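Student: One structure, as structure tokens, below. Some questions next.
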Amino acid sequence: MPLAMNRIAIHLWLNSYHAEWLDCIMKVLTEFGGNIPLVICGCVFLYKMRYGIFLTIPQVIAMMMVQPLKHIFNHPRPLVVFQEAGVALPTVAGVDLHSWNSFPSGHTASVFALMVAIAMLLPKKWMKICCIVFAAIVGYSRIYLSQHFLDDVIAGAVIGIIAAIANPLKMKKETTESAKCTETNN
């Protein structure tokens with residue numbers, strides 16, 4: 001089976017359930033991979049400059065990795081692949097579909113870079129898991145909205161994770177006990 005047909009079959013399976021309420025949620029969630037991470041970084045920067053810089057660096061690293069790769073690979077997005085195969089593409093009303101530069105997913109890289117960086121700052125495992133699950137759901141929204149294929153999203157997630165881990169600025173986690181000690185010492 002040709003690669004394009006495998007991608008189509010996987011995309012159709014991942015898009016086998018659509019509902020109007022879910023369409024609305026996915027359109028909002030996908031924005032957490034767009035400009036929202038930079039807005040969050042800016043707000044954090046205003047609150048605590050060091051944390052803002054810590055969260056922004058992975059965004060920049062991810063962007064520097066994603067943009068050249070998009071142009072090197074220049075893979076078609078689902079719209080083009082489905083049109084060429086003569087298969088109906090699941091779409092969501094109000095979403096403008098792009099045609100090219102599908103690989104890797106920049107939105108997914110961006111949200112994973114942010115959420116992994118945030119997870120690195122959090123003291124509790126369940127909080128870290130919530131960050132990763134949220135990033136994965138945003139990544140899935142790119143597939144749900146037929147902007148990307150699964151492999152685009154996986155590559156974006158890997159890039160985002162690498163960008164967060166590669167952050168040269170290191171931060172100490174503030175545990176609840178150390179925060180209490182700091183408060184009692186003041």
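Letters A, B, ... mark the chains of the structure tokens in the order given; residue numbers begin at 1 per chain; ligand numbers begin at 1, in order shown.
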How close does each residue of region 66-120 of chain A get to region 142-155 of chain A, giving the shortest atom pair and distance in Å to one decimal for every residue with an atom at most 7 Å away, counting only C-alpha atoms, sorted by chain and residue number, as CSV?

Tutor:
```
residue,atom,partner,partner_atom,distance
A:Arg77,CA,A:His148,CA,5.9
A:Pro78,CA,A:Ser146,CA,6.1
A:Pro90,CA,A:Ser146,CA,6.8
A:Thr91,CA,A:Leu145,CA,6.2
A:Val92,CA,A:Leu145,CA,6.0
A:Leu97,CA,A:Gln147,CA,6.2
A:His98,CA,A:Gln147,CA,6.7
A:Ser102,CA,A:His148,CA,6.0
A:Phe103,CA,A:Asp152,CA,4.8
A:Pro104,CA,A:Asp152,CA,4.4
A:Ser105,CA,A:Asp152,CA,5.1
A:Thr108,CA,A:Val153,CA,6.0
```

Student: Filtering to N, CA, C and O atoms, could you give me those residues as a PDB file, in the first residue's frame?

Tutor:
```pdb
ATOM      1  N   ARG A  77      -0.015  19.021   2.778  1.00  0.00           N
ATOM      2  CA  ARG A  77      -0.917  18.826   3.913  1.00  0.00           C
ATOM      3  C   ARG A  77      -2.061  17.904   3.490  1.00  0.00           C
ATOM      4  O   ARG A  77      -2.216  17.586   2.311  1.00  0.00           O
ATOM      5  N   PRO A  78      -2.890  17.488   4.448  1.00  0.00           N
ATOM      6  CA  PRO A  78      -3.992  16.585   4.114  1.00  0.00           C
ATOM      7  C   PRO A  78      -4.862  17.063   2.949  1.00  0.00           C
ATOM      8  O   PRO A  78      -5.273  16.254   2.111  1.00  0.00           O
ATOM      9  N   PRO A  90     -12.149  14.971   5.900  1.00  0.00           N
ATOM     10  CA  PRO A  90     -12.992  15.485   6.986  1.00  0.00           C
ATOM     11  C   PRO A  90     -12.548  16.905   7.340  1.00  0.00           C
ATOM     12  O   PRO A  90     -11.373  17.146   7.592  1.00  0.00           O
ATOM     13  N   THR A  91     -13.481  17.839   7.323  1.00  0.00           N
ATOM     14  CA  THR A  91     -13.142  19.235   7.595  1.00  0.00           C
ATOM     15  C   THR A  91     -14.040  19.794   8.696  1.00  0.00           C
ATOM     16  O   THR A  91     -15.068  19.206   9.037  1.00  0.00           O
ATOM     17  N   VAL A  92     -13.613  20.940   9.211  1.00  0.00           N
ATOM     18  CA  VAL A  92     -14.375  21.641  10.242  1.00  0.00           C
ATOM     19  C   VAL A  92     -14.704  23.021   9.688  1.00  0.00           C
ATOM     20  O   VAL A  92     -13.812  23.730   9.201  1.00  0.00           O
ATOM     21  N   LEU A  97      -7.893  25.672   5.404  1.00  0.00           N
ATOM     22  CA  LEU A  97      -6.904  24.611   5.269  1.00  0.00           C
ATOM     23  C   LEU A  97      -5.719  25.088   4.437  1.00  0.00           C
ATOM     24  O   LEU A  97      -5.888  25.719   3.403  1.00  0.00           O
ATOM     25  N   HIS A  98      -4.533  24.757   4.904  1.00  0.00           N
ATOM     26  CA  HIS A  98      -3.308  25.081   4.183  1.00  0.00           C
ATOM     27  C   HIS A  98      -2.961  23.927   3.252  1.00  0.00           C
ATOM     28  O   HIS A  98      -3.474  22.815   3.407  1.00  0.00           O
ATOM     29  N   SER A 102       3.709  20.830   5.604  1.00  0.00           N
ATOM     30  CA  SER A 102       3.024  20.092   6.651  1.00  0.00           C
ATOM     31  C   SER A 102       3.970  19.522   7.701  1.00  0.00           C
ATOM     32  O   SER A 102       3.628  19.450   8.877  1.00  0.00           O
ATOM     33  N   PHE A 103       5.160  19.128   7.275  1.00  0.00           N
ATOM     34  CA  PHE A 103       6.083  18.406   8.168  1.00  0.00           C
ATOM     35  C   PHE A 103       7.237  19.282   8.597  1.00  0.00           C
ATOM     36  O   PHE A 103       7.942  19.808   7.742  1.00  0.00           O
ATOM     37  N   PRO A 104       7.438  19.447   9.895  1.00  0.00           N
ATOM     38  CA  PRO A 104       6.671  18.997  11.058  1.00  0.00           C
ATOM     39  C   PRO A 104       5.620  20.029  11.466  1.00  0.00           C
ATOM     40  O   PRO A 104       5.626  21.147  10.955  1.00  0.00           O
ATOM     41  N   SER A 105       4.779  19.673  12.406  1.00  0.00           N
ATOM     42  CA  SER A 105       3.737  20.587  12.880  1.00  0.00           C
ATOM     43  C   SER A 105       4.332  21.637  13.816  1.00  0.00           C
ATOM     44  O   SER A 105       4.814  21.317  14.902  1.00  0.00           O
ATOM     45  N   THR A 108       2.280  22.039  17.129  1.00  0.00           N
ATOM     46  CA  THR A 108       2.572  20.975  18.090  1.00  0.00           C
ATOM     47  C   THR A 108       3.933  21.196  18.737  1.00  0.00           C
ATOM     48  O   THR A 108       4.080  21.030  19.958  1.00  0.00           O
TER      49      THR A 108
END
```

Student: Running DSSP on the backbone, which parts of chain A land in alpha helix (DSSP H), as a ChimeraX atom specification?

Tutor: /A:3-14,20-29,36-47,49-73,78-85,106-121,125-144,150-165,176-185

Student: For Ile162 (chain A), which of A:Met65, A:Val39, A:Val81, A:Ile137 is the closest residue, counting only C-alpha atoms?

Tutor: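 Closest residue, counting only C-alpha atoms: A:Met65.
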
Student: For CA of Leu38 (chain A) and CA of Ala62 (chain A), determine how far apart the two atoms are, in Å to one decimal place.

Tutor: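 Computing the Euclidean distance for CA of Leu38 (chain A) and CA of Ala62 (chain A) yields 12.3 Å.
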
Student: From the list A:Val116, A:Ala85, A:Met63, A:Ala164, which residue is nearest Gly34 (chain A) when using only C-alpha atoms?

Tutor: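 Of the candidates, the smallest distance to Gly34 (chain A) is held by A:Met63.
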
Student: Here is a test: counting only C-alpha atoms, which residue of A:Leu89, A:Ala9, A:Ile25, A:Leu55 is nearest to Ile118 (chain A)?

Tutor: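 Once distances to Ile118 (chain A) are computed over only C-alpha atoms, the minimum belongs to A:Leu55.
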
Student: When distances are computed from only C-alpha atoms, which of A:Ser16, A:Ser99, A:Ser110, A:Gln59 shows the smallest separation from Phe32 (chain A)?

Tutor: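 Of A:Ser16, A:Ser99, A:Ser110, A:Gln59, the one nearest Phe32 (chain A), counting only C-alpha atoms, is A:Ser110.
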